[in-house]
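What follows is one structure encoded as structure tokens, with my remarks underneath.
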Amino acid sequence: MSDIIQLLPDAIANQIAAGEVVQRPASVVKELLENSIDAGSSKIKLVVKDAGKQLIQVIDDGLGMSETDARMCFERHATSKIRKSDDLFALKTMGFRGEAMASIAAVSQVELKTKTADAELGVLLQVEASEVKNQTHTAHTGGTTISVKNLFYNVPARRNFLKSNPVEMRHIIDEFHRVALANPQVAFSLHQNDMDVYQLNAGKLSQRIVGLFGKNYQEQLVACEETTDQLKIYGYIGKPEFAKKTRGEQFFFVNNRYIKSGYLHHAVVNGFEGLLAKEAHPFYVLCLEIDPKKIDVNVHPTKTEIKFDDERMVYGILAAAIRQALGAHNVAPALDFDSDVNFSFNAPRRNQVDDFTRKTTNYQKFKQPKDNDGEWDKILSNFQELSQKISEEESEDIADESQQSMTFGSAINEENEGKTPQNERVETKSSIFQIHQKYIATQVKSGLMLVDQQAAHERILFEKFNRHLQNSDGSSQQFLFPEQVQLSAPDYALVMDMEEELKALGFVISSFGKDTVVINGAPTELTDTSVKSVFEGLIDQFKHNKNVLSVSKNENIARSLAKRSAIRAGHKLNGEEMNALIDKLFACQNPNYAPSGNSTFIIFDLNKIASFFN
């Protein structure tokens, strides 16, 4: 039998490696930015066209490369970061594998210009699909400029799997945020399709956070710092009241390397214990400095996962640092061990009580009356008179409205009898009322029906928004004074991706600068709510649903807008509003459940009610 095992050509091996390292344009951005950081750059410029599919260019003022190094950087497992295996446990650089440039060059057309400080001329290198097409000398100011063009041009299947431009751009901005936050001492700029997105000057971490996420983050930052023999923690956390329903603004950096860790995230949430709403995620940018020998970064090709020698130690110190920061800034209550907690309340002093008794002439101590029979007879008599009066008034109202009884009538209910109460009839409109401004109680033929007003309204709005998205017939209410909404760069890209769907719902929006949209009109269903808060909530809810649900884009948008615009518990409704809500609920295709799966109503039949008293 002939031999069948053979070595793969370098070009194929590089394409296979690229499948792990270069998953999308954002992966290229990450690798190139980290290389510029490792080169000691003080100013880095990122240029992106067509969401990275056409061009990704990184220009830095770092050390530059010699002619030999420029050629070697495109070889597999060629790196300047390590020399021996022990170096893996003393890493202080971002890159070390020596696979990134070879993988990028295998699936794109790369042009490299570089020059060291002591060289007279720079080097120009052009590589396509791992093959060097041109190498020559050229004039260059210094540092390195790398242009990655036509990503995945030779792997069309991979290019077809890329998402829309706004989605890919959002991933690029996420990577830009991570590198920029880890290196506030470096000036960064981002240009998308000849438009400036970010211009970040070198400065402090707090300035970098405000520069990336907006001035409104300035008021929510709480400094967090803790230093021990094993670990140093510094950075900022957000105040609990600014926590969001979605993740995405949580950043961990270990020795300036961005990592993802559910374990450390749990430590932060533990530090916020008792201060966060359910399913809320606080903002934080936390930097951890630890001996490189006590961590292992060679766990995953993307280098976003690391292992600690003692995870429990890191967990405990991190949670304690969060609690201390919240307490020091009066965000969380702190214990004062110098005071007696048993007498910390503001009790009236003895002389204040004496003054009260002295000024109140008819004051007397409480004493037990000898005989209460006469008082109880008087109270009972008054109560009976009041009860009889109320009964007479209700009887008059019922007589006036006896001809206005209503039924849950709709064609859908008649076709799907199993979905709704069959042949149920509300006796009178006066028999409908709210319980704690959260539930609607109404008398039906078989007993008592309780309706969750928020869940019911969500179901009504969800089906209405779904129809608008399918038919593009959402009606809009134009504003006399348009609303401006400032967004982060990823959220702005997300809104631009949803522009057609938002228009179908009735939103009239336009771009106003690089990260601001103007709302000129909104769906008529939102007339009684703050459109700006609903719009911002729609974006957060959409991102949250995208992380936890597998639904279509249209359904996600309809769910999100229904969730954020539905009436809340505590909203007072009058009789007409309650009756209209129930009418609309049972006109829905599926009135039994809210979009989240929660029941919208329950019915207690008379037998069930009677069983409570037996």
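The chains in the structure tokens are called A, B, ... from first to last as shown; in each chain the residues are counted from 1, and the ligands are counted from 1 in the order shown.
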Residues of segment 417-574 of chain A classed as alpha helix (DSSP H) by DSSP on the backbone are to be reported as a CSV table (one decimal) with N, CA and C atoms, in the first residue's frame.
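And here is the file that came out, result12.csv:
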chain,number,residue,atom,x,y,z
A,453,GLN,N,-52.3,43.4,33.7
A,453,GLN,CA,-52.4,44.4,32.7
A,453,GLN,C,-51.2,44.7,31.9
A,454,GLN,N,-50.0,44.5,32.5
A,454,GLN,CA,-48.8,44.6,31.7
A,454,GLN,C,-48.6,43.5,30.7
A,455,ALA,N,-48.8,42.3,31.1
A,455,ALA,CA,-48.6,41.2,30.2
A,455,ALA,C,-49.7,41.2,29.0
A,456,ALA,N,-50.9,41.6,29.4
A,456,ALA,CA,-51.9,41.8,28.4
A,456,ALA,C,-51.6,42.8,27.3
A,457,HIS,N,-51.1,44.0,27.8
A,457,HIS,CA,-50.8,45.1,26.9
A,457,HIS,C,-49.6,44.7,26.0
A,458,GLU,N,-48.6,43.9,26.6
A,458,GLU,CA,-47.5,43.5,25.8
A,458,GLU,C,-48.0,42.6,24.6
A,459,ARG,N,-48.9,41.7,24.9
A,459,ARG,CA,-49.4,40.8,23.8
A,459,ARG,C,-50.1,41.6,22.8
A,460,ILE,N,-50.9,42.6,23.2
A,460,ILE,CA,-51.6,43.5,22.2
A,460,ILE,C,-50.6,44.2,21.3
A,461,LEU,N,-49.7,44.9,22.0
A,461,LEU,CA,-48.7,45.6,21.2
A,461,LEU,C,-47.8,44.8,20.3
A,462,PHE,N,-47.4,43.6,20.8
A,462,PHE,CA,-46.6,42.7,20.1
A,462,PHE,C,-47.2,42.3,18.7
A,463,GLU,N,-48.5,41.9,18.8
A,463,GLU,CA,-49.2,41.5,17.6
A,463,GLU,C,-49.4,42.7,16.6
A,464,LYS,N,-49.7,43.9,17.2
A,464,LYS,CA,-49.8,45.0,16.4
A,464,LYS,C,-48.5,45.4,15.7
A,465,PHE,N,-47.4,45.4,16.4
A,465,PHE,CA,-46.1,45.7,15.8
A,465,PHE,C,-45.7,44.7,14.8
A,466,ASN,N,-46.0,43.5,15.0
A,466,ASN,CA,-45.7,42.4,14.1
A,466,ASN,C,-46.4,42.7,12.7
A,467,ARG,N,-47.7,43.1,12.8
A,467,ARG,CA,-48.4,43.4,11.6
A,467,ARG,C,-47.8,44.6,10.9
A,468,HIS,N,-47.4,45.6,11.6
A,468,HIS,CA,-46.8,46.8,11.0
A,468,HIS,C,-45.5,46.4,10.3
A,469,LEU,N,-44.7,45.5,10.9
A,469,LEU,CA,-43.4,45.1,10.3
A,469,LEU,C,-43.7,44.3,9.0
A,470,GLN,N,-44.7,43.5,9.0
A,470,GLN,CA,-45.0,42.6,7.8
A,470,GLN,C,-45.6,43.5,6.7
A,471,ASN,N,-46.4,44.5,7.0
A,471,ASN,CA,-47.1,45.2,6.0
A,471,ASN,C,-46.5,46.6,5.8
A,489,ALA,N,-21.2,54.3,19.8
A,489,ALA,CA,-20.9,53.9,18.4
A,489,ALA,C,-21.6,52.5,18.0
A,490,PRO,N,-21.4,51.5,18.9
A,490,PRO,CA,-22.1,50.2,18.5
A,490,PRO,C,-23.6,50.3,18.4
A,491,ASP,N,-24.2,51.1,19.3
A,491,ASP,CA,-25.7,51.2,19.3
A,491,ASP,C,-26.1,52.0,18.1
A,492,TYR,N,-25.3,53.0,17.7
A,492,TYR,CA,-25.6,53.8,16.5
A,492,TYR,C,-25.6,52.9,15.3
A,493,ALA,N,-24.6,52.1,15.2
A,493,ALA,CA,-24.5,51.1,14.1
A,493,ALA,C,-25.7,50.2,14.1
A,494,LEU,N,-26.2,49.8,15.3
A,494,LEU,CA,-27.3,48.9,15.4
A,494,LEU,C,-28.6,49.6,14.9
A,495,VAL,N,-28.8,50.8,15.3
A,495,VAL,CA,-30.0,51.6,14.8
A,495,VAL,C,-30.0,51.7,13.3
A,496,MET,N,-28.8,52.0,12.8
A,496,MET,CA,-28.7,52.2,11.3
A,496,MET,C,-29.1,50.8,10.6
A,497,ASP,N,-28.7,49.7,11.2
A,497,ASP,CA,-29.1,48.4,10.7
A,497,ASP,C,-30.6,48.1,10.8
A,499,GLU,N,-32.9,50.5,10.6
A,499,GLU,CA,-33.6,51.7,10.1
A,499,GLU,C,-34.9,51.4,9.3
A,500,GLU,N,-34.9,50.4,8.4
A,500,GLU,CA,-36.1,50.1,7.7
A,500,GLU,C,-37.2,49.5,8.5
A,501,GLU,N,-36.8,48.7,9.5
A,501,GLU,CA,-37.8,48.1,10.4
A,501,GLU,C,-38.4,49.2,11.3
A,502,LEU,N,-37.6,50.1,11.8
A,502,LEU,CA,-38.1,51.2,12.6
A,502,LEU,C,-39.1,52.1,11.8
A,503,LYS,N,-38.7,52.3,10.5
A,503,LYS,CA,-39.6,53.1,9.7
A,503,LYS,C,-41.0,52.4,9.5
A,504,ALA,N,-40.9,51.0,9.3
A,504,ALA,CA,-42.2,50.3,9.2
A,504,ALA,C,-43.1,50.4,10.4
A,505,LEU,N,-42.5,50.5,11.6
A,505,LEU,CA,-43.2,50.6,12.8
A,505,LEU,C,-43.8,52.0,13.0
A,531,VAL,N,-40.8,59.1,24.5
A,531,VAL,CA,-40.3,58.5,23.3
A,531,VAL,C,-38.8,58.2,23.4
A,532,LYS,N,-38.1,59.1,23.9
A,532,LYS,CA,-36.6,59.0,24.0
A,532,LYS,C,-36.2,57.8,24.9
A,533,SER,N,-36.9,57.7,26.1
A,533,SER,CA,-36.6,56.5,27.0
A,533,SER,C,-37.0,55.2,26.4
A,534,VAL,N,-38.2,55.2,25.6
A,534,VAL,CA,-38.6,54.0,25.0
A,534,VAL,C,-37.7,53.6,23.9
A,535,PHE,N,-37.2,54.6,23.1
A,535,PHE,CA,-36.2,54.3,22.0
A,535,PHE,C,-34.9,53.7,22.6
A,536,GLU,N,-34.4,54.3,23.6
A,536,GLU,CA,-33.2,53.8,24.3
A,536,GLU,C,-33.4,52.4,24.9
A,537,GLY,N,-34.6,52.2,25.5
A,537,GLY,CA,-35.0,50.9,26.0
A,537,GLY,C,-35.2,49.8,25.0
A,538,LEU,N,-35.7,50.3,23.8
A,538,LEU,CA,-35.8,49.3,22.7
A,538,LEU,C,-34.5,48.8,22.3
A,539,ILE,N,-33.4,49.6,22.2
A,539,ILE,CA,-32.1,49.1,21.8
A,539,ILE,C,-31.6,48.2,22.8
A,540,ASP,N,-31.7,48.5,24.1
A,540,ASP,CA,-31.2,47.6,25.2
A,540,ASP,C,-31.9,46.3,25.2
A,541,GLN,N,-33.2,46.3,25.0
A,541,GLN,CA,-34.0,45.1,25.0
A,541,GLN,C,-33.7,44.3,23.8
A,542,PHE,N,-33.5,44.9,22.7
A,542,PHE,CA,-33.2,44.2,21.4
A,542,PHE,C,-31.8,43.4,21.6
A,543,LYS,N,-30.8,44.1,22.2
A,543,LYS,CA,-29.6,43.4,22.5
A,543,LYS,C,-29.7,42.3,23.5
A,544,HIS,N,-30.5,42.5,24.5
A,544,HIS,CA,-30.7,41.5,25.5
A,544,HIS,C,-31.4,40.2,24.9
A,545,ASN,N,-32.5,40.5,24.1
A,545,ASN,CA,-33.2,39.3,23.5
A,545,ASN,C,-32.3,38.6,22.5
A,546,LYS,N,-31.4,39.3,21.8
A,546,LYS,CA,-30.5,38.7,20.9
A,546,LYS,C,-29.5,37.7,21.6
A,547,ASN,N,-29.2,38.0,22.8
A,547,ASN,CA,-28.3,37.2,23.6
A,547,ASN,C,-28.9,36.0,24.1
A,548,VAL,N,-30.2,36.0,24.4
A,548,VAL,CA,-30.9,34.9,25.2
A,548,VAL,C,-31.9,34.2,24.3
A,553,LYS,N,-35.2,38.7,13.3
A,553,LYS,CA,-35.0,40.1,13.6
A,553,LYS,C,-36.3,40.9,13.8
A,554,ASN,N,-37.3,40.6,13.0
A,554,ASN,CA,-38.6,41.3,13.1
A,554,ASN,C,-39.3,41.0,14.4
A,555,GLU,N,-39.3,39.7,14.8
A,555,GLU,CA,-39.9,39.3,16.0
A,555,GLU,C,-39.2,39.9,17.2
A,556,ASN,N,-37.9,40.0,17.2
A,556,ASN,CA,-37.1,40.6,18.2
A,556,ASN,C,-37.4,42.1,18.4
A,557,ILE,N,-37.5,42.8,17.3
A,557,ILE,CA,-37.9,44.2,17.4
A,557,ILE,C,-39.3,44.4,17.9
A,558,ALA,N,-40.2,43.6,17.5
A,558,ALA,CA,-41.6,43.7,18.0
A,558,ALA,C,-41.7,43.4,19.4
A,559,ARG,N,-41.0,42.3,19.9
A,559,ARG,CA,-41.0,41.9,21.3
A,559,ARG,C,-40.4,43.1,22.1
A,560,SER,N,-39.3,43.6,21.6
A,560,SER,CA,-38.5,44.6,22.4
A,560,SER,C,-39.4,45.9,22.6
A,561,LEU,N,-40.0,46.4,21.5
A,561,LEU,CA,-40.8,47.6,21.6
A,561,LEU,C,-42.0,47.4,22.4
A,562,ALA,N,-42.6,46.2,22.3
A,562,ALA,CA,-43.8,45.9,23.1
A,562,ALA,C,-43.4,45.9,24.6
A,563,LYS,N,-42.3,45.3,24.9
A,563,LYS,CA,-41.8,45.2,26.3
A,563,LYS,C,-41.6,46.6,26.9
A,564,ARG,N,-41.0,47.4,26.1
A,564,ARG,CA,-40.6,48.7,26.6
A,564,ARG,C,-41.7,49.8,26.6
A,565,SER,N,-42.7,49.6,25.8
A,565,SER,CA,-43.8,50.6,25.7
A,565,SER,C,-45.1,50.2,26.4
Determine which residues of segment 179-265 of chain A DSSP labels as strand (DSSP E or B) from the backbone of this structure, then write them out as a compact mmCIF listing (two decimals) with all heavy atoms, in the first residue's frame.
# COMPACT_ATOMS: atom_id res chain seq x y z
N ALA A 187 -2.73 57.52 21.98
CA ALA A 187 -3.77 58.24 21.24
C ALA A 187 -4.31 57.36 20.12
O ALA A 187 -3.53 56.74 19.38
CB ALA A 187 -3.20 59.53 20.67
N PHE A 188 -5.63 57.31 19.99
CA PHE A 188 -6.28 56.47 18.98
C PHE A 188 -7.22 57.32 18.14
O PHE A 188 -7.78 58.31 18.62
CB PHE A 188 -7.10 55.34 19.63
CG PHE A 188 -6.29 54.22 20.19
CD1 PHE A 188 -5.83 54.26 21.50
CD2 PHE A 188 -5.98 53.11 19.42
CE1 PHE A 188 -5.09 53.22 22.03
CE2 PHE A 188 -5.24 52.05 19.94
CZ PHE A 188 -4.80 52.12 21.24
N SER A 189 -7.41 56.89 16.89
CA SER A 189 -8.44 57.50 16.05
C SER A 189 -9.04 56.40 15.18
O SER A 189 -8.35 55.45 14.80
CB SER A 189 -7.87 58.62 15.18
OG SER A 189 -6.87 58.12 14.30
N LEU A 190 -10.32 56.54 14.88
CA LEU A 190 -11.03 55.57 14.05
C LEU A 190 -11.77 56.33 12.96
O LEU A 190 -12.51 57.29 13.24
CB LEU A 190 -12.01 54.75 14.89
CG LEU A 190 -12.98 53.84 14.13
CD1 LEU A 190 -12.24 52.83 13.28
CD2 LEU A 190 -13.92 53.11 15.10
N HIS A 191 -11.58 55.91 11.72
CA HIS A 191 -12.23 56.54 10.58
C HIS A 191 -12.98 55.47 9.79
O HIS A 191 -12.41 54.44 9.42
CB HIS A 191 -11.19 57.21 9.67
CG HIS A 191 -10.30 58.18 10.39
ND1 HIS A 191 -10.56 59.52 10.48
CD2 HIS A 191 -9.15 57.96 11.08
CE1 HIS A 191 -9.61 60.11 11.19
NE2 HIS A 191 -8.74 59.18 11.56
N GLN A 192 -14.26 55.71 9.58
CA GLN A 192 -15.11 54.76 8.85
C GLN A 192 -15.64 55.43 7.59
O GLN A 192 -16.35 56.44 7.66
CB GLN A 192 -16.27 54.30 9.72
CG GLN A 192 -17.25 53.38 8.99
CD GLN A 192 -18.53 53.17 9.77
OE1 GLN A 192 -18.71 53.74 10.82
NE2 GLN A 192 -19.41 52.37 9.23
N MET A 195 -15.21 59.06 7.37
CA MET A 195 -15.89 59.82 8.41
C MET A 195 -15.22 59.52 9.75
O MET A 195 -14.94 58.36 10.08
CB MET A 195 -17.37 59.43 8.48
CG MET A 195 -18.16 60.22 9.52
SD MET A 195 -19.91 59.74 9.58
CE MET A 195 -19.79 58.08 10.27
N ASP A 196 -14.93 60.58 10.52
CA ASP A 196 -14.30 60.41 11.83
C ASP A 196 -15.32 59.84 12.82
O ASP A 196 -16.39 60.42 13.02
CB ASP A 196 -13.77 61.75 12.36
CG ASP A 196 -12.61 62.27 11.53
OD1 ASP A 196 -12.05 61.49 10.75
OD2 ASP A 196 -12.27 63.47 11.67
N VAL A 197 -14.97 58.73 13.44
CA VAL A 197 -15.82 58.13 14.47
C VAL A 197 -15.28 58.45 15.86
O VAL A 197 -16.02 58.84 16.76
CB VAL A 197 -15.92 56.60 14.27
CG1 VAL A 197 -16.80 55.98 15.36
CG2 VAL A 197 -16.48 56.28 12.90
N TYR A 198 -13.97 58.30 16.06
CA TYR A 198 -13.33 58.60 17.34
C TYR A 198 -12.04 59.37 17.10
O TYR A 198 -11.30 59.08 16.16
CB TYR A 198 -13.01 57.31 18.11
CG TYR A 198 -14.20 56.60 18.68
CD1 TYR A 198 -14.60 55.37 18.17
CD2 TYR A 198 -14.92 57.14 19.74
CE1 TYR A 198 -15.70 54.71 18.69
CE2 TYR A 198 -16.02 56.48 20.26
CZ TYR A 198 -16.40 55.26 19.74
OH TYR A 198 -17.49 54.61 20.24
N GLN A 199 -11.78 60.33 17.98
CA GLN A 199 -10.50 61.02 18.07
C GLN A 199 -10.14 61.06 19.55
O GLN A 199 -10.64 61.91 20.29
CB GLN A 199 -10.58 62.44 17.48
CG GLN A 199 -10.71 62.50 15.97
CD GLN A 199 -9.38 62.20 15.27
OE1 GLN A 199 -8.33 62.09 15.91
NE2 GLN A 199 -9.43 62.05 13.95
N LEU A 200 -9.32 60.14 20.00
CA LEU A 200 -9.02 59.96 21.42
C LEU A 200 -7.59 60.38 21.70
O LEU A 200 -6.64 59.82 21.14
CB LEU A 200 -9.23 58.50 21.83
CG LEU A 200 -10.60 57.89 21.51
CD1 LEU A 200 -10.60 56.40 21.81
CD2 LEU A 200 -11.70 58.59 22.30
N LEU A 221 -19.32 57.14 37.22
CA LEU A 221 -18.08 56.42 37.49
C LEU A 221 -17.73 56.45 38.97
O LEU A 221 -17.76 57.49 39.61
CB LEU A 221 -16.94 57.02 36.67
CG LEU A 221 -17.04 56.92 35.15
CD1 LEU A 221 -15.81 57.53 34.50
CD2 LEU A 221 -17.20 55.47 34.72
N VAL A 222 -17.37 55.29 39.48
CA VAL A 222 -16.90 55.15 40.86
C VAL A 222 -15.52 54.50 40.80
O VAL A 222 -15.37 53.41 40.26
CB VAL A 222 -17.86 54.28 41.70
CG1 VAL A 222 -17.29 54.01 43.07
CG2 VAL A 222 -19.23 54.94 41.80
N ALA A 223 -14.52 55.18 41.33
CA ALA A 223 -13.16 54.66 41.29
C ALA A 223 -13.03 53.43 42.17
O ALA A 223 -13.59 53.37 43.28
CB ALA A 223 -12.17 55.73 41.73
N CYS A 224 -12.31 52.44 41.68
CA CYS A 224 -12.11 51.19 42.42
C CYS A 224 -10.62 50.87 42.41
O CYS A 224 -10.00 50.81 41.34
CB CYS A 224 -12.91 50.05 41.77
SG CYS A 224 -12.69 48.43 42.55
N GLU A 225 -10.05 50.68 43.59
CA GLU A 225 -8.61 50.41 43.66
C GLU A 225 -8.31 49.55 44.88
O GLU A 225 -8.84 49.79 45.97
CB GLU A 225 -7.82 51.72 43.73
CG GLU A 225 -6.32 51.53 43.61
CD GLU A 225 -5.57 52.83 43.43
OE1 GLU A 225 -6.23 53.88 43.30
OE2 GLU A 225 -4.32 52.79 43.40
N GLU A 226 -7.49 48.53 44.68
CA GLU A 226 -7.09 47.63 45.77
C GLU A 226 -5.72 47.04 45.42
O GLU A 226 -5.49 46.60 44.29
CB GLU A 226 -8.12 46.50 45.93
CG GLU A 226 -7.83 45.57 47.08
CD GLU A 226 -8.00 46.23 48.44
OE1 GLU A 226 -8.91 47.07 48.59
OE2 GLU A 226 -7.19 45.94 49.34
N THR A 227 -4.83 47.06 46.38
CA THR A 227 -3.47 46.54 46.17
C THR A 227 -3.13 45.55 47.26
O THR A 227 -3.26 45.86 48.46
CB THR A 227 -2.44 47.68 46.15
OG1 THR A 227 -2.79 48.63 45.14
CG2 THR A 227 -1.05 47.13 45.85
N LEU A 231 -1.95 40.75 44.08
CA LEU A 231 -2.78 41.29 43.00
C LEU A 231 -3.01 42.78 43.21
O LEU A 231 -3.15 43.26 44.33
CB LEU A 231 -4.14 40.56 43.00
CG LEU A 231 -5.19 40.98 41.98
CD1 LEU A 231 -4.74 40.64 40.58
CD2 LEU A 231 -6.52 40.30 42.29
N LYS A 232 -3.03 43.51 42.09
CA LYS A 232 -3.39 44.93 42.12
C LYS A 232 -4.59 45.13 41.21
O LYS A 232 -4.60 44.67 40.07
CB LYS A 232 -2.23 45.80 41.65
CG LYS A 232 -2.57 47.29 41.62
CD LYS A 232 -1.41 48.13 41.12
CE LYS A 232 -1.78 49.62 41.07
NZ LYS A 232 -0.67 50.45 40.56
N ILE A 233 -5.62 45.82 41.72
CA ILE A 233 -6.84 46.09 40.97
C ILE A 233 -7.05 47.59 40.93
O ILE A 233 -6.95 48.27 41.95
CB ILE A 233 -8.06 45.41 41.62
CG1 ILE A 233 -7.88 43.88 41.68
CG2 ILE A 233 -9.34 45.75 40.87
CD1 ILE A 233 -8.97 43.17 42.44
N TYR A 234 -7.35 48.11 39.74
CA TYR A 234 -7.70 49.52 39.61
C TYR A 234 -8.64 49.67 38.42
O TYR A 234 -8.69 48.82 37.53
CB TYR A 234 -6.46 50.40 39.44
CG TYR A 234 -5.68 50.15 38.18
CD1 TYR A 234 -5.91 50.89 37.02
CD2 TYR A 234 -4.68 49.18 38.14
CE1 TYR A 234 -5.19 50.66 35.86
CE2 TYR A 234 -3.96 48.94 36.99
CZ TYR A 234 -4.21 49.68 35.85
OH TYR A 234 -3.51 49.45 34.71
N GLY A 235 -9.40 50.74 38.43
CA GLY A 235 -10.35 50.99 37.35
C GLY A 235 -11.58 51.70 37.87
O GLY A 235 -11.54 52.40 38.90
N TYR A 236 -12.69 51.53 37.16
CA TYR A 236 -13.93 52.22 37.50
C TYR A 236 -15.11 51.27 37.36
O TYR A 236 -15.13 50.39 36.49
CB TYR A 236 -14.15 53.44 36.60
CG TYR A 236 -13.13 54.53 36.81
CD1 TYR A 236 -11.94 54.54 36.08
CD2 TYR A 236 -13.34 55.53 37.75
CE1 TYR A 236 -11.00 55.54 36.28
CE2 TYR A 236 -12.41 56.53 37.95
CZ TYR A 236 -11.23 56.53 37.22
OH TYR A 236 -10.30 57.50 37.43
N ILE A 237 -16.10 51.47 38.24
CA ILE A 237 -17.36 50.75 38.15
C ILE A 237 -18.48 51.77 38.05
O ILE A 237 -18.32 52.93 38.44
CB ILE A 237 -17.58 49.82 39.36
CG1 ILE A 237 -17.54 50.62 40.68
CG2 ILE A 237 -16.56 48.71 39.38
CD1 ILE A 237 -17.81 49.79 41.91
N GLY A 238 -19.61 51.36 37.51
CA GLY A 238 -20.76 52.25 37.38
C GLY A 238 -21.67 52.15 38.59
O GLY A 238 -21.74 51.11 39.25
N LYS A 244 -27.65 48.28 33.23
CA LYS A 244 -28.50 48.02 32.08
C LYS A 244 -28.93 46.56 32.05
O LYS A 244 -28.34 45.70 32.71
CB LYS A 244 -27.77 48.37 30.79
CG LYS A 244 -27.41 49.84 30.65
CD LYS A 244 -26.76 50.13 29.32
CE LYS A 244 -26.46 51.63 29.17
NZ LYS A 244 -25.82 51.93 27.86
N GLN A 250 -18.89 45.64 30.01
CA GLN A 250 -18.14 45.07 31.12
C GLN A 250 -16.76 44.66 30.58
O GLN A 250 -16.68 43.87 29.64
CB GLN A 250 -18.85 43.85 31.72
CG GLN A 250 -20.18 44.16 32.40
CD GLN A 250 -21.33 44.34 31.44
OE1 GLN A 250 -21.42 43.66 30.43
NE2 GLN A 250 -22.23 45.25 31.73
N PHE A 251 -15.70 45.21 31.16
CA PHE A 251 -14.36 45.01 30.63
C PHE A 251 -13.41 44.58 31.74
O PHE A 251 -13.30 45.26 32.77
CB PHE A 251 -13.83 46.28 29.97
CG PHE A 251 -14.68 46.79 28.85
CD1 PHE A 251 -15.71 47.70 29.10
CD2 PHE A 251 -14.47 46.38 27.55
CE1 PHE A 251 -16.50 48.18 28.07
CE2 PHE A 251 -15.26 46.86 26.51
CZ PHE A 251 -16.27 47.75 26.77
N PHE A 252 -12.75 43.44 31.52
CA PHE A 252 -11.67 42.98 32.38
C PHE A 252 -10.37 43.01 31.59
O PHE A 252 -10.32 42.56 30.44
CB PHE A 252 -11.90 41.53 32.85
CG PHE A 252 -12.87 41.41 33.99
CD1 PHE A 252 -14.05 40.71 33.83
CD2 PHE A 252 -12.60 41.98 35.22
CE1 PHE A 252 -14.95 40.59 34.89
CE2 PHE A 252 -13.48 41.86 36.28
CZ PHE A 252 -14.67 41.16 36.11
N PHE A 253 -9.32 43.54 32.21
CA PHE A 253 -8.00 43.52 31.60
C PHE A 253 -7.01 42.94 32.61
O PHE A 253 -6.92 43.44 33.75
CB PHE A 253 -7.56 44.94 31.20
CG PHE A 253 -8.49 45.60 30.22
CD1 PHE A 253 -9.46 46.50 30.64
CD2 PHE A 253 -8.40 45.31 28.86
CE1 PHE A 253 -10.32 47.10 29.74
CE2 PHE A 253 -9.26 45.91 27.95
CZ PHE A 253 -10.22 46.80 28.39
N VAL A 254 -6.33 41.90 32.21
CA VAL A 254 -5.31 41.29 33.05
C VAL A 254 -3.96 41.55 32.40
O VAL A 254 -3.70 41.09 31.28
CB VAL A 254 -5.54 39.78 33.22
CG1 VAL A 254 -4.42 39.15 34.05
CG2 VAL A 254 -6.89 39.53 33.89
N ARG A 257 -4.31 42.92 29.00
CA ARG A 257 -4.90 42.04 28.00
C ARG A 257 -6.39 41.87 28.30
O ARG A 257 -6.76 41.48 29.42
CB ARG A 257 -4.21 40.68 28.02
CG ARG A 257 -4.71 39.71 26.93
CD ARG A 257 -4.14 38.31 27.16
NE ARG A 257 -2.70 38.34 27.24
CZ ARG A 257 -1.88 38.38 26.19
NH1 ARG A 257 -2.38 38.38 24.98
NH2 ARG A 257 -0.58 38.41 26.35
N TYR A 258 -7.24 42.16 27.31
CA TYR A 258 -8.69 41.98 27.51
C TYR A 258 -9.02 40.50 27.62
O TYR A 258 -8.54 39.68 26.83
CB TYR A 258 -9.46 42.59 26.35
CG TYR A 258 -10.94 42.26 26.39
CD1 TYR A 258 -11.80 42.94 27.24
CD2 TYR A 258 -11.47 41.25 25.59
CE1 TYR A 258 -13.15 42.63 27.29
CE2 TYR A 258 -12.81 40.94 25.62
CZ TYR A 258 -13.65 41.64 26.48
OH TYR A 258 -14.98 41.32 26.53
N ILE A 259 -9.84 40.16 28.62
CA ILE A 259 -10.25 38.76 28.81
C ILE A 259 -11.75 38.72 29.05
O ILE A 259 -12.38 39.71 29.43
CB ILE A 259 -9.51 38.09 29.99
CG1 ILE A 259 -9.94 38.72 31.32
CG2 ILE A 259 -8.02 38.14 29.80
CD1 ILE A 259 -9.60 37.88 32.53
Exercise. Considering only C-alpha atoms, return as a PyMOL selection string whatever protein or nucleic-acid residues lie within 6 Å of Ala102 of chain A, sequence-local ones (same chain, fewer than 4 positions apart) excluded.
Key: chain A and resi 74-76
Restrict the selected residues to N, CA and C atoms and save them as a compact mmCIF listing (two decimals), in the first residue's frame.
# COMPACT_ATOMS: atom_id res chain seq x y z
N PHE A 74 5.41 37.47 7.94
CA PHE A 74 4.34 36.75 7.26
C PHE A 74 4.54 35.24 7.24
N GLU A 75 5.60 34.77 7.89
CA GLU A 75 5.83 33.33 8.00
C GLU A 75 5.10 32.79 9.22
N ARG A 76 4.67 31.54 9.14
CA ARG A 76 3.97 30.91 10.28
C ARG A 76 4.94 30.69 11.42
Exercise. Measuring atom to atom with only C-alpha atoms, identify which of A:Glu525, A:Glu311, A:Asp60, A:Glu219 is nearest to Leu46 of chain A.
Key: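 Of A:Glu525, A:Glu311, A:Asp60, A:Glu219, the one nearest Leu46 of chain A is A:Asp60, counting only C-alpha atoms.
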Quiz item: Which neighbours of Asn183 of chain A fall inside 9 Å, counting only C-alpha atoms, when residues of the same chain fewer than 6 positions from it are skipped, and could you give them as a PyMOL selection string?
Solution: chain A and resi 37+202+205+208+256
